[in-house]
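What follows is a set of notes on a single structure, which appears directly below.
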Protein chains: 2
Amino acid sequence: MNQPVVLISLESPHSFWRLSSEHERALSAAFPGLEFRRATEEEVPHQLADAHVYFGWRFAPSWLFAAPHLRWIASPAAGTDHLPVAEAHSVGVALTRSYGFHGRPMAEHAMGLVLGFSRGLFISQRVQRNRAWWKDDLAEEFFDLAGATMTIVGCGSVGRHLAQAARAFGMNVIGVRRTPPAASESGITWVHTTAVHQAVSVADVVVNLLPATPDTHRYFDHDLFSACKPRSLFLNLGRAATVDQSALLASLDTGHLRGAALDVFDPKPLPARHPLRLHPRVVLTPKSSVFCRAYMDEAVAFFADNLHRYLSGQPLNGLAEAPATRSPLVGG
Amino acid sequence: MNQPVVLISLESPHSFWRLSSEHERALSAAFPGLEFRRATEEEVPHQLADAHVYFGWRFAPSWLFAAPHLRWIASPAAGTDHLPVAEAHSVGVALTRSYGFHGRPMAEHAMGLVLGFSRGLFISQRVQRNRAWWKDDLAEEFFDLAGATMTIVGCGSVGRHLAQAARAFGMNVIGVRRTPPAASESGITWVHTTAVHQAVSVADVVVNLLPATPDTHRYFDHDLFSACKPRSLFLNLGRAATVDQSALLASLDTGHLRGAALDVFDPKPLPARHPLRLHPRVVLTPKSSVFCRAYMDEAVAFFADNLHRYLSGQPLNGLAEAPATRSPLVGG
């Protein structure tokens, strides 16, 4: 009798996003009744013939046709917009994202970007080679985090981690969400999406963590940027498609926004002479906010927990909803 | 009968380091028995003739000869190495520094510098204009703060604030001090100065907060930098004189240190072509770590509290010890 097959394809140029042999041994030891197989991305379509469960970074829609026994696609990523959610849904295959461990590195990343602006560190790095002294410039520019307000749009699991870090610096935090919790929680002032304009109008720092869905396409448009508090800072650590980049540039050029830090943008990478690359008050990072040396340890732990649920018939964590019904403001 | 005179000279190009008329009114209202006078730095020597108390940024040693009634020099600064501590001591004039409120902005500054390195933000800013994509470079460079160790050398009041911020990111904190507290405190592992080499050998981030005293002159020398953990990060937010800059540069050039962030250096400013200005893994800030919009509010509150103590004959807070006897590892 054949054991159920779990097909794993977790390749990456970066070690912290690859499955190690230790991870593989730990999975085999924890689930002696299953057969774990590794496959390169090219091998996946052929290996899927026997697989019941797939755990990997990518899944092409066409692969579904080659996977008659497949019941579950598990992704170690937080977002699902690169995965065939609707297609899997239509053929009864579950698709799960991972969550709960992206918040820590993303909170570090976001706070580093905020402090880089608030303490004048980016200005300092830019001018330290060619300006005699720039203390007066920084004295104009800097702002205290203590007492300042951060508004997190799309405040889910990642947003809660970020809120905790921001509050450690004495910031007030507003969380914008389509389904705000009923009660106050972890010091966050919760605001419904319908009040997003008011929520950004009082923020010194606006952090966009929205996922990419039809409802969030260019959510940050000219209207929403205009509603932001003058001289506020904008961060996008969510998805590029949720921001109208022309409207962002216009708000930067008029000085309405103090600056912007973008971990995502469109296209990726930006063309060499793109104005967002050259703007003196824009800092770009190459989708590195989720970099974390412990990433795969966490992703495997999340998957193993879900695998227990799968085998015992419990509902899976992180189930992606079909596009038409899922909530665009969950974040995380 | 003349009222005792408090002479105030708090000029600065920066509003947050100047006494406002609101501050002056508040002091007059709180101490109706005293006469508060304002003076520019040029006027101070002449105005000192009547003054019993002086509250200001600077005090030239020669001014003591023009101040027959002076009993107390109060500085809103944290350090006293720019003030005539020994001279005042020798003529029986008390000299106090201020403390308790530099920690918050300095913790923001230090964490911004640490995260700028740990998340690859400084690299990103440097290359975003001239590199197509730099994700692989950052994947090599970044490190997680969670689980990393920060060693704070000269861990006083500022160090405790910084430790709190570092611990909010899951860092382990070692505090080095000549007089470590007997018990564990606020999650800091306390280490005596005699074990400083071991304390830096396990640190991913070393923060120097030492004050400038004869005992701390070039405290960070070739020997101490060599004892640092390979690929560690060095921050100096204390005093330039406590670091041998040639030894620092050598440790950077060999790659032993990952990078350095310096808020103080010698001379200030550094010459245009100084290697610390040009080094790709050095970030300089212009003594801006203490920038804080609420600085003077805090400094006036500290002074007012001490003024109550002065008037009621209680010991003053922040008394500077004569150089020969004071502890070099208090920090803060």
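Identifiers in the structure tokens: chain A, B, ... in order shown; residue index from 1 per chain; ligand index from 1 in order shown.
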Exercise. Chain A residues within 8 Å of chain B, counting only C-alpha atoms: which ones, as a ChimeraX atom specification?
Worked result: /A:13-14,105,108-109,111-113,115-116,119,121-122,124-126,128-136,138-139,142-145,165,168-169,269-273,277-278,283-289,291-293
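The list of residues with at least one atom within 9 Å of Ala304 (chain B), based on only C-alpha atoms and without residues fewer than 3 positions apart in the same chain, reads Leu27, Ala30, Phe31, Ala299, Val300, Ala301, Leu307, His308 and Arg309 of chain B.
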Exercise. Which is closest to Leu311 (chain B) among B:Ala66, B:Trp17, B:Pro211, B:Pro4, if we use only C-alpha atoms?
Worked result: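 For Leu311 (chain B), the nearest of the given residues is B:Pro4.
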Taking the DSSP secondary structure from the backbone, can you list the residues of region 11-93 of chain B that are strand (DSSP E), as a compact mmCIF listing (two decimals) with N, CA, C and O atoms, in the first residue's frame?
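Contents of states_15.txt, as written:
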```txt
# COMPACT_ATOMS: atom_id res chain seq x y z
N GLU B 35 14.47 86.00 40.99
CA GLU B 35 14.46 86.86 39.81
C GLU B 35 15.17 86.13 38.67
O GLU B 35 16.35 85.77 38.81
N PHE B 36 14.46 85.87 37.60
CA PHE B 36 15.05 85.20 36.44
C PHE B 36 15.48 86.25 35.42
O PHE B 36 14.69 87.11 35.05
N ARG B 37 16.75 86.18 35.00
CA ARG B 37 17.24 87.10 33.98
C ARG B 37 17.76 86.30 32.80
O ARG B 37 18.38 85.26 32.98
N ARG B 38 17.54 86.80 31.59
CA ARG B 38 18.06 86.17 30.38
C ARG B 38 19.29 86.93 29.92
O ARG B 38 19.35 88.15 30.05
N ALA B 51 24.49 87.06 40.03
CA ALA B 51 23.79 85.78 39.92
C ALA B 51 24.18 84.79 41.02
O ALA B 51 25.36 84.67 41.38
N HIS B 52 23.18 84.10 41.54
CA HIS B 52 23.42 83.00 42.48
C HIS B 52 23.40 81.65 41.77
O HIS B 52 24.09 80.72 42.16
N VAL B 53 22.58 81.60 40.74
CA VAL B 53 22.44 80.35 39.98
C VAL B 53 22.58 80.68 38.50
O VAL B 53 22.08 81.72 38.04
N TYR B 54 23.25 79.80 37.77
CA TYR B 54 23.38 79.96 36.32
C TYR B 54 22.83 78.72 35.64
O TYR B 54 23.14 77.59 36.02
N PHE B 55 21.99 78.92 34.63
CA PHE B 55 21.41 77.80 33.87
C PHE B 55 21.71 78.07 32.40
O PHE B 55 21.15 79.01 31.81
N GLY B 56 22.62 77.28 31.81
CA GLY B 56 22.99 77.57 30.42
C GLY B 56 23.81 76.46 29.79
O GLY B 56 24.26 75.53 30.47
N TRP B 72 25.92 77.77 41.91
CA TRP B 72 25.49 76.58 41.17
C TRP B 72 25.44 76.89 39.67
O TRP B 72 24.81 77.87 39.26
N ILE B 73 26.10 76.04 38.91
CA ILE B 73 26.04 76.08 37.44
C ILE B 73 25.23 74.87 37.00
O ILE B 73 25.63 73.73 37.24
N ALA B 74 24.08 75.11 36.34
CA ALA B 74 23.22 74.01 35.88
C ALA B 74 23.28 73.95 34.36
O ALA B 74 23.04 74.94 33.68
```
Problem set entry | Within 8 Å of Val158 (chain A) using only C-alpha atoms, minus same-chain residues under 3 positions, as a list in words | Gly100, His102, Gly103, Arg104, Met106, Ala107, Cys155, His161, Leu162, Leu209, Gly331 and Gly332 of chain A
Exercise. Can you list, as an MDAnalysis selection string, every residue of region 107-237 of chain B that DSSP puts in alpha helix (DSSP H)?
Worked result: chainID B and resid 107:118 121:127 135:141 157:168 196:201 222:227
Exercise. Quick one: residues within 12 Å of Ala250 (chain A), only C-alpha atoms counted, chain neighbours fewer than 6 positions away excluded, as a list in words?
Worked result: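 Contacts, in chain order: Asp221, His222, Asp223, Phe225, Ser226, Asp244, His256, Leu257, Arg258, Gly259, Ala260, Pro275, Leu276 and His279 of chain A.
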Residues from last step as file, N, CA, C and O atoms, as a short mmCIF file (atom, residue, chain, number, x, y, z; two decimals), in the first residue's frame:
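Written output follows (out-v3.cif):
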```cif
data_model
loop_
_atom_site.label_atom_id
_atom_site.label_comp_id
_atom_site.auth_asym_id
_atom_site.auth_seq_id
_atom_site.Cartn_x
_atom_site.Cartn_y
_atom_site.Cartn_z
N ASP A 221 -4.76 56.39 -3.89
CA ASP A 221 -4.85 57.21 -5.09
C ASP A 221 -4.65 58.68 -4.71
O ASP A 221 -4.34 59.00 -3.56
N HIS A 222 -4.83 59.55 -5.67
CA HIS A 222 -4.63 60.98 -5.44
C HIS A 222 -5.48 61.47 -4.26
O HIS A 222 -5.01 62.22 -3.40
N ASP A 223 -6.71 61.00 -4.22
CA ASP A 223 -7.64 61.40 -3.18
C ASP A 223 -7.13 61.01 -1.78
O ASP A 223 -7.14 61.83 -0.85
N PHE A 225 -3.98 60.13 -0.89
CA PHE A 225 -2.73 60.83 -0.55
C PHE A 225 -3.01 62.27 -0.14
O PHE A 225 -2.38 62.81 0.77
N SER A 226 -3.98 62.91 -0.81
CA SER A 226 -4.33 64.30 -0.45
C SER A 226 -4.89 64.38 0.96
O SER A 226 -4.76 65.40 1.64
N ASP A 244 -1.25 54.01 -6.50
CA ASP A 244 -1.11 54.76 -7.74
C ASP A 244 0.21 55.53 -7.66
O ASP A 244 0.31 56.54 -6.98
N HIS A 256 3.90 67.60 -0.07
CA HIS A 256 2.82 67.19 0.83
C HIS A 256 3.27 66.00 1.67
O HIS A 256 3.05 65.97 2.88
N LEU A 257 3.91 65.04 1.03
CA LEU A 257 4.52 63.93 1.77
C LEU A 257 5.97 64.27 2.06
O LEU A 257 6.70 64.77 1.20
N ARG A 258 6.42 63.98 3.28
CA ARG A 258 7.80 64.17 3.69
C ARG A 258 8.74 63.23 2.94
O ARG A 258 9.86 63.60 2.58
N GLY A 259 8.25 62.02 2.71
CA GLY A 259 9.07 61.03 2.05
C GLY A 259 8.29 59.74 1.89
O GLY A 259 7.16 59.62 2.38
N ALA A 260 8.91 58.80 1.20
CA ALA A 260 8.27 57.50 1.02
C ALA A 260 9.33 56.42 1.04
O ALA A 260 10.45 56.61 0.57
N PRO A 275 11.49 57.95 -11.93
CA PRO A 275 11.56 59.03 -10.93
C PRO A 275 11.54 58.54 -9.48
O PRO A 275 12.10 59.21 -8.60
N LEU A 276 10.95 57.39 -9.21
CA LEU A 276 10.96 56.89 -7.82
C LEU A 276 12.36 56.43 -7.41
O LEU A 276 12.72 56.46 -6.24
N HIS A 279 14.27 59.95 -6.84
CA HIS A 279 13.72 60.96 -5.94
C HIS A 279 14.54 61.03 -4.65
O HIS A 279 14.79 60.02 -4.02
#
```
Exercise. Could you work out how far CA of Val93 (chain B) lies from CA of Arg71 (chain B), giving the answer in Å with one decimal?
Worked result: 4.7 Å
Exercise. At what distance in Å, to one decimal, does CA of Val243 (chain A) lie from CA of Thr213 (chain A)?
Worked result: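 Interatomic distance here is 12.0 Å.
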Problem set entry | Straight-line distance linking CA of Glu11 (chain B) with CA of Ser90 (chain B), stated in Å to one decimal |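 CA of Ser90 (chain B) lies 27.3 Å from CA of Glu11 (chain B).
Minimum atom-to-atom distance to Val173 (chain B), evaluated using only C-alpha atoms, belongs to B:Ile152 out of B:Ala60, B:Ile152, B:Val191, B:Val5.
Excluding Arg97 (chain A) itself and same-chain residues fewer than 6 positions from it, the residues having an atom within 6 Å of it are A:Ser75, A:Ala77, A:Ala78, A:Gly318, counting only C-alpha atoms.
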Would you write out those residues with N, CA and C atoms, as a CSV table (one decimal), in the first residue's frame?
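Written output follows (part38.csv):
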```
chain,number,residue,atom,x,y,z
A,75,SER,N,1.5,27.2,0.7
A,75,SER,CA,2.6,28.1,0.4
A,75,SER,C,3.2,28.7,1.7
A,77,ALA,N,4.5,31.5,1.7
A,77,ALA,CA,4.4,33.0,1.6
A,77,ALA,C,3.2,33.5,2.3
A,78,ALA,N,3.2,34.8,2.6
A,78,ALA,CA,2.1,35.5,3.2
A,78,ALA,C,1.0,35.8,2.3
A,318,GLY,N,-5.0,29.5,7.4
A,318,GLY,CA,-4.5,30.3,6.3
A,318,GLY,C,-5.2,30.0,5.0
```
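For the choices B:Leu249, B:Leu237, B:Ala26, B:Leu316, the atom-to-atom distance to Ala212 (chain B) is smallest for B:Leu237 when using only C-alpha atoms.
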